[in-house]
$ cat target_15.txt   # compact mmCIF, C-alpha atoms and all ligand atoms
# COMPACT_ATOMS: atom_id res chain seq x y z
CA MET H 16 -59.84 -37.66 -19.11
CA GLU H 17 -58.64 -41.11 -20.12
CA ASN H 18 -61.35 -43.75 -20.39
CA SER H 19 -59.92 -47.02 -19.11
CA VAL H 20 -60.72 -49.83 -16.72
CA LYS H 21 -59.26 -49.19 -13.28
CA GLN H 22 -59.24 -50.96 -9.98
CA LEU H 23 -59.70 -48.51 -7.12
CA VAL H 24 -59.29 -48.91 -3.40
CA LEU H 25 -61.43 -46.24 -1.79
CA SER H 26 -60.32 -46.75 1.77
CA GLY H 27 -57.56 -48.36 3.72
CA LYS H 28 -58.55 -51.94 4.52
CA ARG H 29 -60.23 -50.62 7.69
CA ILE H 30 -60.41 -47.09 9.13
CA ILE H 31 -61.34 -46.42 12.74
CA SER H 32 -61.91 -42.70 13.30
CA GLY H 33 -63.01 -40.37 16.05
CA ARG H 34 -61.64 -38.91 19.25
CA GLY H 35 -60.42 -41.70 21.51
CA ALA H 36 -60.28 -44.18 18.61
CA ILE H 37 -56.97 -45.53 19.96
CA ALA H 38 -59.12 -47.61 22.38
CA PHE H 39 -59.82 -49.89 19.40
CA LEU H 40 -56.47 -51.50 20.27
CA LYS H 41 -58.22 -53.13 23.23
CA THR H 42 -60.20 -55.29 20.85
CA LEU H 43 -57.11 -56.80 19.23
CA SER H 44 -55.09 -59.75 20.33
CA TYR H 45 -51.72 -60.59 18.86
CA LYS H 46 -48.90 -62.69 20.28
CA ARG H 47 -46.02 -60.31 19.68
CA VAL H 48 -46.33 -56.68 18.62
CA VAL H 49 -43.49 -54.42 17.53
CA MET H 50 -44.37 -50.77 18.09
CA VAL H 51 -42.46 -48.24 15.99
CA THR H 52 -42.36 -44.51 16.64
CA GLY H 53 -40.30 -41.42 15.81
CA GLY H 54 -38.82 -38.88 18.20
CA ARG H 55 -39.91 -38.34 21.75
CA SER H 56 -43.40 -36.88 21.45
CA MET H 57 -45.33 -40.15 21.42
CA ILE H 58 -43.33 -41.26 24.47
CA THR H 59 -43.44 -38.06 26.53
CA THR H 60 -47.17 -37.62 25.92
CA GLY H 61 -47.76 -41.15 27.22
CA ILE H 62 -49.39 -42.37 24.02
CA MET H 63 -46.91 -45.22 23.49
CA ASP H 64 -47.46 -46.43 27.07
CA LYS H 65 -51.22 -46.19 26.68
CA ALA H 66 -51.12 -48.26 23.48
CA ARG H 67 -48.74 -50.79 25.00
CA ASP H 68 -50.94 -51.21 28.08
CA MET H 69 -53.98 -51.89 25.90
CA LEU H 70 -52.08 -54.53 23.92
CA GLU H 71 -50.56 -56.15 27.00
CA GLU H 72 -53.95 -56.35 28.71
CA ASN H 73 -54.97 -58.63 25.88
CA GLY H 74 -51.93 -60.84 26.32
CA SER H 75 -49.60 -59.40 23.67
CA GLU H 76 -45.88 -59.26 24.26
CA VAL H 77 -44.63 -55.85 23.11
CA LYS H 78 -41.30 -54.50 21.90
CA MET H 79 -40.70 -50.85 21.03
CA ILE H 80 -38.50 -49.29 18.37
CA PHE H 81 -38.19 -45.54 18.77
CA GLY H 82 -36.08 -42.67 17.50
CA ILE H 83 -36.94 -42.89 13.79
CA ARG H 84 -35.85 -39.56 12.33
CA LYS H 85 -37.35 -37.48 9.54
CA ASN H 86 -36.53 -38.82 6.07
CA PRO H 87 -35.83 -42.34 7.46
CA SER H 88 -32.86 -44.09 5.90
CA PHE H 89 -32.25 -47.66 4.78
CA GLU H 90 -29.75 -47.90 7.66
CA GLU H 91 -32.50 -47.18 10.20
CA VAL H 92 -34.76 -49.71 8.50
CA GLU H 93 -32.02 -52.35 8.66
CA GLU H 94 -31.44 -51.63 12.37
CA GLY H 95 -35.13 -52.14 13.11
CA LEU H 96 -35.19 -55.25 10.96
CA LYS H 97 -32.73 -56.94 13.32
CA ILE H 98 -35.26 -56.53 16.14
CA PHE H 99 -38.06 -57.84 13.93
CA ARG H 100 -36.02 -60.95 13.12
CA GLU H 101 -35.16 -61.64 16.76
CA PHE H 102 -38.65 -60.97 18.11
CA CYS H 103 -40.75 -62.50 15.26
CA PRO H 104 -43.83 -60.24 15.63
CA ASP H 105 -47.24 -61.16 14.24
CA CYS H 106 -48.26 -57.50 14.31
CA VAL H 107 -46.53 -54.18 13.64
CA LEU H 108 -48.02 -51.03 15.15
CA ALA H 109 -46.64 -47.73 13.87
CA ILE H 110 -47.56 -44.67 15.91
CA GLY H 111 -46.31 -41.25 14.85
CA GLY H 112 -45.72 -39.16 11.75
CA GLY H 113 -45.00 -40.26 8.23
CA SER H 114 -41.40 -41.16 8.99
CA ALA H 115 -42.34 -43.66 11.72
CA MET H 116 -45.04 -45.24 9.57
CA ASP H 117 -42.83 -45.38 6.47
CA ALA H 118 -39.91 -46.90 8.38
CA ALA H 119 -42.21 -49.49 9.99
CA LYS H 120 -43.64 -50.40 6.59
CA ALA H 121 -40.19 -50.93 5.09
CA MET H 122 -39.05 -53.01 8.09
CA LEU H 123 -42.17 -55.13 7.70
CA LEU H 124 -41.59 -55.59 3.97
CA PHE H 125 -38.03 -56.88 4.45
CA TYR H 126 -39.08 -59.01 7.45
CA GLU H 127 -42.02 -60.59 5.66
CA PHE H 128 -40.09 -61.33 2.45
CA PRO H 129 -36.49 -62.05 3.51
CA TYR H 130 -35.25 -62.28 -0.08
CA LEU H 131 -35.92 -58.53 -0.48
CA ASN H 132 -33.31 -55.93 0.40
CA ARG H 133 -32.46 -52.34 -0.44
CA ASP H 134 -30.58 -53.40 -3.59
CA ASN H 135 -33.27 -55.53 -5.20
CA VAL H 136 -36.59 -54.25 -3.82
CA ILE H 137 -37.32 -51.90 -6.73
CA GLU H 138 -36.47 -54.59 -9.27
CA TYR H 139 -38.89 -57.05 -7.58
CA LYS H 140 -41.56 -54.37 -7.28
CA ASP H 141 -41.26 -53.31 -10.92
CA ALA H 142 -41.53 -56.94 -12.01
CA GLY H 143 -44.73 -57.27 -9.94
CA LYS H 144 -43.05 -59.96 -7.86
CA ILE H 145 -43.90 -58.70 -4.37
CA PRO H 146 -46.95 -60.63 -3.06
CA ALA H 147 -49.98 -58.55 -2.07
CA GLU H 148 -50.72 -60.69 0.98
CA ARG H 149 -48.61 -60.97 4.12
CA LYS H 150 -48.87 -62.85 7.40
CA THR H 151 -47.92 -60.04 9.79
CA ALA H 152 -50.64 -57.48 10.57
CA LEU H 153 -49.92 -53.78 10.05
CA ILE H 154 -51.70 -51.09 12.08
CA CYS H 155 -50.96 -47.38 11.74
CA ILE H 156 -51.94 -44.57 14.09
CA PRO H 157 -50.86 -41.26 12.53
CA SER H 158 -50.04 -38.45 14.93
CA THR H 159 -49.65 -35.91 12.13
CA SER H 160 -52.07 -35.09 9.33
CA GLY H 161 -50.14 -35.21 6.10
CA THR H 162 -48.45 -38.27 4.77
CA ALA H 163 -51.54 -40.54 4.86
CA SER H 164 -49.18 -43.49 5.01
CA GLU H 165 -51.91 -45.09 7.17
CA VAL H 166 -53.95 -45.80 4.02
CA THR H 167 -51.45 -45.80 1.17
CA ARG H 168 -49.62 -48.69 -0.47
CA GLY H 169 -46.31 -46.94 -0.23
CA THR H 170 -43.30 -46.02 1.80
CA VAL H 171 -40.47 -43.59 1.03
CA ILE H 172 -36.99 -44.43 2.32
CA THR H 173 -33.90 -42.29 1.84
CA ASP H 174 -30.69 -43.61 0.33
CA VAL H 175 -28.29 -41.33 2.21
CA GLN H 176 -25.24 -42.10 0.05
CA GLN H 177 -27.05 -41.22 -3.16
CA LYS H 178 -29.05 -38.39 -1.51
CA LEU H 179 -32.08 -40.05 -3.06
CA LYS H 180 -35.58 -40.73 -1.76
CA VAL H 181 -36.75 -44.14 -2.90
CA PRO H 182 -40.54 -44.59 -3.10
CA ILE H 183 -41.62 -48.23 -2.78
CA MET H 184 -45.25 -48.72 -3.82
CA THR H 185 -46.71 -52.19 -3.49
CA ASP H 186 -50.06 -53.54 -2.31
CA CYS H 187 -48.78 -55.45 0.69
CA LEU H 188 -47.77 -52.13 2.28
CA ARG H 189 -51.37 -51.01 2.65
CA PRO H 190 -52.08 -51.13 6.40
CA ASP H 191 -54.79 -53.47 7.68
CA ILE H 192 -56.11 -50.92 10.15
CA ALA H 193 -55.75 -47.13 10.22
CA ILE H 194 -56.75 -45.50 13.50
CA LEU H 195 -57.49 -41.79 13.12
CA ASP H 196 -57.68 -40.40 16.63
CA GLY H 197 -58.18 -36.64 16.74
CA ASP H 198 -56.91 -36.47 20.33
CA ILE H 199 -53.48 -37.72 19.24
CA THR H 200 -53.12 -34.91 16.69
CA MET H 201 -53.28 -32.41 19.57
CA THR H 202 -49.72 -33.47 20.43
CA MET H 203 -48.42 -31.83 17.22
CA PRO H 204 -46.49 -28.57 17.58
CA ASP H 205 -48.10 -25.84 15.42
CA ARG H 206 -45.21 -25.85 12.93
CA ILE H 207 -45.59 -29.58 12.32
CA ALA H 208 -49.37 -29.17 12.03
CA ALA H 209 -48.77 -26.50 9.38
CA GLU H 210 -46.14 -28.37 7.38
CA THR H 211 -47.90 -31.73 7.41
CA GLY H 212 -51.22 -30.05 6.63
CA MET H 213 -49.62 -28.47 3.56
CA ASP H 214 -48.39 -31.93 2.53
CA ALA H 215 -51.98 -33.18 2.74
CA LEU H 216 -53.18 -30.19 0.71
CA THR H 217 -50.53 -30.96 -1.91
CA HIS H 218 -51.68 -34.59 -2.10
CA ALA H 219 -55.26 -33.46 -2.62
CA ILE H 220 -54.42 -30.88 -5.31
CA GLU H 221 -51.90 -33.00 -7.20
CA SER H 222 -54.36 -35.86 -7.22
CA TYR H 223 -57.27 -33.65 -8.30
CA THR H 224 -55.28 -32.10 -11.17
CA ASN H 225 -53.70 -35.37 -12.31
CA HIS H 226 -54.95 -36.61 -15.70
CA ASN H 227 -55.47 -40.05 -14.20
CA LEU H 228 -58.25 -38.79 -11.91
CA ASP H 229 -61.40 -40.96 -11.77
CA ASP H 230 -64.91 -39.98 -10.65
CA PHE H 231 -64.60 -41.57 -7.21
CA ASP H 232 -61.27 -40.04 -6.28
CA GLU H 233 -62.46 -36.73 -7.70
CA ALA H 234 -64.97 -36.54 -4.84
CA LEU H 235 -62.38 -37.43 -2.20
CA SER H 236 -59.64 -35.12 -3.42
CA LYS H 237 -61.96 -32.16 -4.01
CA ALA H 238 -63.47 -32.48 -0.54
CA ALA H 239 -59.97 -32.74 0.88
CA VAL H 240 -58.78 -29.54 -0.87
CA THR H 241 -61.72 -27.46 0.31
CA GLY H 242 -61.75 -29.02 3.79
CA ILE H 243 -58.04 -28.49 4.40
CA LEU H 244 -58.18 -24.89 3.12
CA LYS H 245 -61.09 -24.25 5.46
CA TYR H 246 -59.78 -25.90 8.63
CA LEU H 247 -55.98 -25.74 8.48
CA PRO H 248 -55.68 -22.13 9.75
CA ASP H 249 -57.69 -22.80 12.93
CA SER H 250 -56.00 -26.16 13.39
CA CYS H 251 -52.56 -24.51 13.38
CA LEU H 252 -53.13 -21.01 14.73
CA LYS H 253 -55.83 -21.67 17.34
CA GLN H 254 -55.04 -25.32 18.12
CA ASP H 255 -58.76 -25.90 17.69
CA PRO H 256 -59.48 -29.62 18.32
CA PHE H 257 -62.46 -29.71 15.96
CA ALA H 258 -60.46 -28.16 13.10
CA ARG H 259 -57.50 -30.42 13.84
CA GLU H 260 -59.63 -33.54 13.67
CA LYS H 261 -61.18 -32.33 10.40
CA VAL H 262 -57.73 -31.84 8.83
CA HIS H 263 -56.77 -35.32 10.05
CA ASN H 264 -59.71 -36.90 8.26
CA TYR H 265 -59.27 -34.85 5.08
CA SER H 266 -55.59 -35.75 5.01
CA CYS H 267 -56.57 -39.42 5.02
CA MET H 268 -59.06 -38.85 2.20
CA ALA H 269 -56.37 -37.12 0.14
CA GLY H 270 -54.15 -40.15 0.76
CA ILE H 271 -56.78 -42.58 -0.47
CA SER H 272 -57.13 -40.49 -3.60
CA PHE H 273 -53.46 -40.07 -4.45
CA ALA H 274 -52.79 -43.76 -3.79
CA ASN H 275 -55.15 -44.52 -6.69
CA VAL H 276 -54.44 -41.55 -8.92
CA GLY H 277 -50.84 -40.47 -8.43
CA LEU H 278 -49.27 -37.10 -7.66
CA GLY H 279 -47.17 -34.72 -9.77
CA MET H 280 -44.13 -32.51 -10.06
CA VAL H 281 -44.52 -30.86 -6.64
CA HIS H 282 -43.64 -34.19 -5.06
CA GLY H 283 -40.92 -34.91 -7.62
CA ILE H 284 -39.11 -31.67 -6.75
CA ALA H 285 -39.92 -31.98 -3.03
CA HIS H 286 -38.30 -35.41 -2.77
CA SER H 287 -35.22 -34.07 -4.52
CA PHE H 288 -34.76 -31.06 -2.20
CA GLY H 289 -35.84 -33.06 0.86
CA ALA H 290 -33.22 -35.77 0.38
CA VAL H 291 -30.35 -33.39 -0.47
CA PHE H 292 -30.96 -30.86 2.31
CA ASN H 293 -32.77 -33.12 4.84
CA LEU H 294 -35.79 -30.80 4.84
CA ALA H 295 -39.19 -31.81 6.20
CA HIS H 296 -41.38 -33.22 3.44
CA GLY H 297 -44.36 -31.00 4.18
CA LEU H 298 -42.22 -27.88 4.17
CA THR H 299 -40.68 -28.68 0.78
CA ASN H 300 -44.13 -29.33 -0.74
CA ALA H 301 -45.51 -26.13 0.74
CA VAL H 302 -42.66 -24.08 -0.74
CA ILE H 303 -43.04 -25.60 -4.22
CA LEU H 304 -46.84 -25.97 -4.57
CA PRO H 305 -47.86 -22.50 -5.88
CA TYR H 306 -45.00 -22.43 -8.40
CA VAL H 307 -45.83 -25.80 -9.92
CA LEU H 308 -49.55 -24.97 -10.07
CA THR H 309 -48.69 -21.73 -11.87
CA TYR H 310 -46.67 -23.71 -14.41
CA ASN H 311 -49.20 -26.55 -14.76
CA GLN H 312 -52.15 -24.29 -15.47
CA ARG H 313 -50.92 -23.94 -19.06
CA ASP H 314 -52.70 -27.27 -19.47
CA ALA H 315 -56.40 -26.64 -20.25
CA GLN H 316 -57.67 -29.50 -18.06
CA VAL H 317 -55.59 -28.36 -15.10
CA ARG H 318 -56.79 -24.79 -15.59
CA GLU H 319 -60.41 -25.94 -15.60
CA LYS H 320 -59.94 -28.01 -12.45
CA MET H 321 -58.26 -25.11 -10.68
CA GLU H 322 -61.23 -22.93 -11.55
CA GLU H 323 -63.49 -25.61 -10.08
CA LEU H 324 -61.41 -25.66 -6.91
CA SER H 325 -61.49 -21.86 -6.63
CA TYR H 326 -65.27 -22.00 -6.94
CA ALA H 327 -65.61 -24.81 -4.40
CA ALA H 328 -63.29 -23.07 -1.93
CA ARG H 329 -65.07 -19.74 -2.54
CA CYS H 330 -61.85 -17.91 -3.28
CA GLU H 331 -60.62 -15.63 -6.02
CA GLY H 332 -57.94 -18.01 -7.16
CA ILE H 333 -56.58 -21.18 -5.66
CA ILE H 334 -52.91 -20.20 -6.15
CA LEU H 335 -53.41 -16.87 -4.41
CA LYS H 336 -55.26 -18.66 -1.60
CA ILE H 337 -52.36 -21.10 -1.12
CA THR H 338 -49.81 -18.27 -1.15
CA GLN H 339 -51.81 -16.42 1.52
CA LEU H 340 -52.14 -19.62 3.57
CA LYS H 341 -48.36 -20.14 3.43
CA GLU H 342 -47.79 -16.62 4.74
CA MET H 343 -50.40 -17.06 7.46
CA LEU H 344 -48.72 -20.27 8.63
CA GLY H 345 -45.20 -18.81 8.53
CA ILE H 346 -43.99 -21.08 5.73
CA PRO H 347 -41.04 -19.73 3.73
CA ARG H 348 -41.79 -18.40 0.25
CA CYS H 349 -38.81 -20.16 -1.33
CA PHE H 350 -35.86 -22.41 -0.40
CA GLN H 351 -33.51 -19.45 -0.03
CA ASP H 352 -35.87 -18.08 2.64
CA ALA H 353 -35.88 -21.55 4.25
CA GLY H 354 -32.16 -21.15 5.01
CA ILE H 355 -30.48 -22.95 2.10
CA THR H 356 -27.55 -20.86 0.87
CA GLN H 357 -26.85 -20.03 -2.78
CA GLU H 358 -23.56 -21.94 -2.47
CA GLU H 359 -25.32 -25.07 -1.21
CA PHE H 360 -27.86 -24.77 -3.99
CA ALA H 361 -25.17 -24.36 -6.67
CA GLU H 362 -23.08 -27.19 -5.27
CA ASN H 363 -26.00 -29.65 -5.41
CA ARG H 364 -27.69 -28.34 -8.51
CA GLN H 365 -26.91 -31.27 -10.77
CA ILE H 366 -28.12 -33.90 -8.34
CA LEU H 367 -31.24 -31.83 -7.57
CA LEU H 368 -32.00 -31.66 -11.28
CA GLU H 369 -31.44 -35.37 -11.93
CA HIS H 370 -33.55 -36.46 -8.98
CA ALA H 371 -36.35 -33.94 -9.55
CA MET H 372 -36.98 -35.57 -12.94
CA LEU H 373 -37.76 -38.89 -11.24
CA GLY H 374 -40.78 -40.26 -9.35
CA ALA H 375 -43.98 -38.24 -9.37
CA THR H 376 -42.63 -35.76 -11.96
CA LYS H 377 -43.17 -38.50 -14.54
CA VAL H 378 -46.94 -38.32 -13.97
CA ASN H 379 -47.17 -34.53 -13.87
CA PRO H 380 -50.11 -33.32 -15.98
CA VAL H 381 -47.64 -31.35 -18.14
CA GLN H 382 -44.65 -33.26 -19.49
CA ILE H 383 -41.40 -31.76 -18.19
CA THR H 384 -38.07 -31.51 -19.99
CA LYS H 385 -34.78 -31.17 -18.16
CA GLU H 386 -34.47 -27.60 -19.46
CA VAL H 387 -37.80 -26.65 -17.91
CA MET H 388 -36.95 -28.42 -14.67
CA ASP H 389 -33.68 -26.51 -14.49
CA LYS H 390 -35.66 -23.27 -14.61
CA MET H 391 -38.19 -24.59 -12.08
CA LEU H 392 -35.36 -25.21 -9.62
CA ASP H 393 -34.45 -21.50 -9.82
CA VAL H 394 -38.10 -20.55 -9.34
CA CYS H 395 -38.40 -22.70 -6.22
CA PHE H 396 -35.06 -21.61 -4.80
CA TYR H 397 -35.31 -17.85 -5.37
CA GLY H 398 -39.13 -17.51 -5.46
CA LYS H 399 -38.87 -16.05 -8.99
CA GLU H 400 -41.76 -15.39 -11.33
CA ILE H 401 -42.37 -18.03 -14.00
CA ASP H 402 -41.58 -16.35 -17.32
CA PHE H 403 -41.14 -19.46 -19.48
FE FE H 501 -46.40 -36.05 0.39

$ encode --input "target_15.txt" --output "structure tokens"
Amino acid sequence: MENSVKQLVLSGKRIISGRGAIAFLKTLSYKRVVMVTGGRSMITTGIMDKARDMLEENGSEVKMIFGIRKNPSFEEVEEGLKIFREFCPDCVLAIGGGSAMDAAKAMLLFYEFPYLNRDNVIEYKDAGKIPAERKTALICIPSTSGTASEVTRGTVITDVQQKLKVPIMTDCLRPDIAILDGDITMTMPDRIAAETGMDALTHAIESYTNHNLDDFDEALSKAAVTGILKYLPDSCLKQDPFAREKVHNYSCMAGISFANVGLGMVHGIAHSFGAVFNLAHGLTNAVILPYVLTYNQRDAQVREKMEELSYAARCEGIILKITQLKEMLGIPRCFQDAGITQEEFAENRQILLEHAMLGATKVNPVQITKEVMDKMLDVCFYGKEIDF
């Protein structure tokens, strides 16, 4: 493990957790709050109204943006930005899954720093020119247990024209308050609970097996792996509130860890397939995870860590355990089983390959060549054995 000086953030700025934690909103007072959410679930379950009432009771004026879709696009961000600029909020409250939180974060970034836009944001970020501080508060209430956007310094927005997911990681995107309310996770359909839970598991494992892992994040990511493996089945298959709340908390811990440490090739490939075929992020990770772990265990450090995880999770082998979990949760074995045709795969192969080499693949514990990635695409699409 590399010995270097690191600055770690071992929590979001503030985390409020527990069943009914949404009531914390009653203690806040802002002048104007923009609430951002995804599809209908947060509206039909009354959670948006409940949150709005709490804010209005304290004198806040509230505006809602809803309908953010999975894999939110720059176009959706720009639409929301118009409302931000008209309304001039001093607080942004994102309630929903990763897409709602990520879209809200990107809207806030462009609102707070008007010189930033989709064309120059990466250039500014890479040059370290995005300030860490901002004036507008950011509060996130996740309704799913996967993305951990409520504690990370990132957002992922899709460039639809280029079929490319663009991760934007910068300190000012770390929310001021994360509210983890187990009751809200009960609104998740089982399929979403399964897919997002597998995303959280992927965060925990990619972080734990990353060569950049430090002692502090080791504890968080290891606890998250074993906790998610233990509680995800009951959370999804029995809708057990205790298990669901546990997965919610472990998902957040995995997020804290990967925000410091980084991820790996599972996410690199997942972003590529997700953007091209508009697949749910958790589903793509779940499909890919066992294959990448099988490949990565050629690295001695990864192999040792996977043995540690198998021991901690009291299972024969972590890859076998994940494969069994996928089956139990009804997650497809490969992308062909997920409904992508061979023709669609062949047609998009070049772009899939180019984009899978980007992002988190660059920090995979095993360095990846394009030739290897080309073979990995076949493995993930057909569910083939790794014989290279
Ligand atoms: Fe993820």

$ closest_atom_pairs --input "target_15.txt" --of "chain H" --to "ligand FE 501 (chain H)" --cutoff "8 Å" --atoms "only C-alpha atoms and all ligand atoms" --output "CSV"
residue,atom,partner,partner_atom,distance
H:Gly161,CA,H:FE501,FE,6.9
H:Thr162,CA,H:FE501,FE,5.3
H:Asp214,CA,H:FE501,FE,5.1
H:Ala215,CA,H:FE501,FE,6.7
H:Thr217,CA,H:FE501,FE,6.9
H:His218,CA,H:FE501,FE,6.0
H:His282,CA,H:FE501,FE,6.4
H:His296,CA,H:FE501,FE,6.5
H:Gly297,CA,H:FE501,FE,6.6
H:Asn300,CA,H:FE501,FE,7.2

$ write_last_selection --input "target_15.txt" --atoms "C-alpha atoms" --output "PDB file, in the coordinates of the input"
ATOM      1  CA  GLY H 161     -50.140 -35.210   6.100  1.00  0.00           C
ATOM      2  CA  THR H 162     -48.450 -38.270   4.770  1.00  0.00           C
ATOM      3  CA  ASP H 214     -48.390 -31.930   2.530  1.00  0.00           C
ATOM      4  CA  ALA H 215     -51.980 -33.180   2.740  1.00  0.00           C
ATOM      5  CA  THR H 217     -50.530 -30.960  -1.910  1.00  0.00           C
ATOM      6  CA  HIS H 218     -51.680 -34.590  -2.100  1.00  0.00           C
ATOM      7  CA  HIS H 282     -43.640 -34.190  -5.060  1.00  0.00           C
ATOM      8  CA  HIS H 296     -41.380 -33.220   3.440  1.00  0.00           C
ATOM      9  CA  GLY H 297     -44.360 -31.000   4.180  1.00  0.00           C
ATOM     10  CA  ASN H 300     -44.130 -29.330  -0.740  1.00  0.00           C
TER      11      ASN H 300
END

$ atom_distance --input "target_15.txt" --atom1 "atom CA of H:Ile333" --atom2 "atom CA of H:Pro256"
25.6 Å

$ residues_around --input "target_15.txt" --residues "H:Glu260" --least-positions-apart "2" --cutoff "9 Å" --atoms "only C-alpha atoms" --output "VMD selection string"
chain H and resid 33 to 34 160 195 to 198 200 to 201 250 255 to 258 262 to 265

$ closest_atom_pairs --input "target_15.txt" --of "stretch 98-207 of chain H" --to "stretch 285-292 of chain H" --cutoff "10 Å" --atoms "all atoms listed in the file" --output "tab-separated table"
residue	atom	partner	partner_atom	distance
H:Val171	CA	H:His286	CA	9.3
H:Ile172	CA	H:Ala290	CA	9.6
H:Thr173	CA	H:Ala290	CA	6.7
H:Asp174	CA	H:Ala290	CA	8.2
H:Val175	CA	H:Ala290	CA	7.7
H:Gln177	CA	H:Val291	CA	8.9
H:Lys178	CA	H:Val291	CA	5.3
H:Leu179	CA	H:Ala290	CA	5.6
H:Lys180	CA	H:Ala290	CA	5.9
H:Val181	CA	H:His286	CA	8.9
H:Pro182	CA	H:His286	CA	9.5

$ closest_residue --input "target_15.txt" --among "H:Ile154, H:Ala209, H:Ala371, H:Ile271" --to "H:Leu247" --atoms "only C-alpha atoms"
H:Ala209

$ closest_residue --input "target_15.txt" --among "H:Pro129, H:Gly61, H:Gly54, H:Gly143" --to "H:Gly112" --atoms "only C-alpha atoms"
H:Gly54

$ closest_residue --input "target_15.txt" --among "H:Arg133, H:Lys120, H:Lys341, H:His226" --to "H:Cys155" --atoms "only C-alpha atoms"
H:Lys120

$ closest_residue --input "target_15.txt" --among "H:Met203, H:Ala238, H:Leu367, H:Ala119" --to "H:Pro190" --atoms "only C-alpha atoms"
H:Ala119

$ residues_near_point --input "target_15.txt" --point "(-39.4, -43.2, 13.6)" --cutoff "10 Å" --atoms "only C-alpha atoms" --output "NGL selection string"
:H and (51-55 or 80-87 or 91-92 or 95 or 109-119)

$ residues_around --input "target_15.txt" --residues "H:Ala274" --least-positions-apart "3" --cutoff "7 Å" --atoms "all atoms listed in the file" --output "ChimeraX atom specification"
/H:167-168,270-271,277

$ atom_distance --input "target_15.txt" --atom1 "atom CA of H:Ser158" --atom2 "atom CA of H:Ala38"
14.9 Å

$ atom_distance --input "target_15.txt" --atom1 "atom CA of H:Glu76" --atom2 "atom CA of H:Thr59"
21.5 Å

$ closest_residue --input "target_15.txt" --among "H:Ile58, H:Asp232, H:Val307, H:Gly374" --to "H:Met184" --atoms "all atoms listed in the file"
H:Gly374

$ residues_around --input "target_15.txt" --residues "H:Gln357" --least-positions-apart "6" --cutoff "12 Å" --atoms "only C-alpha atoms" --output "NGL selection string"
:H and (350-351 or 363-364 or 393 or 396-397)

$ closest_residue --input "target_15.txt" --among "H:Lys65, H:Pro204, H:Cys395, H:Glu322" --to "H:Phe360" --atoms "all atoms listed in the file"
H:Cys395

$ residues_around --input "target_15.txt" --residues "H:Glu400" --least-positions-apart "4" --cutoff "12 Å" --atoms "all atoms listed in the file" --output "ChimeraX atom specification"
/H:305-307,309-310,348-349,390-396

$ write_last_selection --input "target_15.txt" --atoms "C-alpha atoms" --output "tab-separated table (two decimals), keeping the file's coordinate frame"
chain	number	residue	atom	x	y	z
H	305	PRO	CA	-47.86	-22.50	-5.88
H	306	TYR	CA	-45.00	-22.43	-8.40
H	307	VAL	CA	-45.83	-25.80	-9.92
H	309	THR	CA	-48.69	-21.73	-11.87
H	310	TYR	CA	-46.67	-23.71	-14.41
H	348	ARG	CA	-41.79	-18.40	0.25
H	349	CYS	CA	-38.81	-20.16	-1.33
H	390	LYS	CA	-35.66	-23.27	-14.61
H	391	MET	CA	-38.19	-24.59	-12.08
H	392	LEU	CA	-35.36	-25.21	-9.62
H	393	ASP	CA	-34.45	-21.50	-9.82
H	394	VAL	CA	-38.10	-20.55	-9.34
H	395	CYS	CA	-38.40	-22.70	-6.22
H	396	PHE	CA	-35.06	-21.61	-4.80

$ residues_around --input "target_15.txt" --residues "H:Glu323" --least-positions-apart "6" --cutoff "12 Å" --atoms "all atoms listed in the file" --output "PyMOL selection string"
chain H and resi 220+223-224+233+237-238+240-241+316-317+329-333

$ axis_aligned_box --input "target_15.txt" --around "stretch 138-147 of chain H" --padding-each-side "3 Å" --output "lines of an AutoDock Vina configuration file"
center_x = -43.2
center_y = -57.0
center_z = -7.0
size_x = 19.5
size_y = 13.3
size_z = 15.9

$ decode --input "target_15.txt" --residues "stretch 88-95 of chain H" --atoms "N, CA and C atoms" --output "PDB file, in the first residue's frame"
ATOM      1  N   SER H  88     -29.382  14.194 -17.838  1.00  0.00           N
ATOM      2  CA  SER H  88     -28.594  14.769 -18.936  1.00  0.00           C
ATOM      3  C   SER H  88     -28.266  16.238 -18.657  1.00  0.00           C
ATOM      4  N   PHE H  89     -27.316  16.766 -19.416  1.00  0.00           N
ATOM      5  CA  PHE H  89     -26.996  18.189 -19.291  1.00  0.00           C
ATOM      6  C   PHE H  89     -28.213  19.040 -19.658  1.00  0.00           C
ATOM      7  N   GLU H  90     -29.047  18.549 -20.577  1.00  0.00           N
ATOM      8  CA  GLU H  90     -30.247  19.299 -20.960  1.00  0.00           C
ATOM      9  C   GLU H  90     -31.184  19.467 -19.755  1.00  0.00           C
ATOM     10  N   GLU H  91     -31.366  18.384 -18.993  1.00  0.00           N
ATOM     11  CA  GLU H  91     -32.227  18.472 -17.804  1.00  0.00           C
ATOM     12  C   GLU H  91     -31.631  19.426 -16.769  1.00  0.00           C
ATOM     13  N   VAL H  92     -30.317  19.379 -16.644  1.00  0.00           N
ATOM     14  CA  VAL H  92     -29.642  20.279 -15.696  1.00  0.00           C
ATOM     15  C   VAL H  92     -29.866  21.730 -16.131  1.00  0.00           C
ATOM     16  N   GLU H  93     -29.739  21.986 -17.424  1.00  0.00           N
ATOM     17  CA  GLU H  93     -29.895  23.364 -17.920  1.00  0.00           C
ATOM     18  C   GLU H  93     -31.340  23.857 -17.755  1.00  0.00           C
ATOM     19  N   GLU H  94     -32.307  22.949 -17.915  1.00  0.00           N
ATOM     20  CA  GLU H  94     -33.716  23.320 -17.676  1.00  0.00           C
ATOM     21  C   GLU H  94     -33.921  23.755 -16.229  1.00  0.00           C
ATOM     22  N   GLY H  95     -33.398  22.949 -15.308  1.00  0.00           N
ATOM     23  CA  GLY H  95     -33.532  23.258 -13.883  1.00  0.00           C
ATOM     24  C   GLY H  95     -32.809  24.545 -13.526  1.00  0.00           C
TER      25      GLY H  95
END
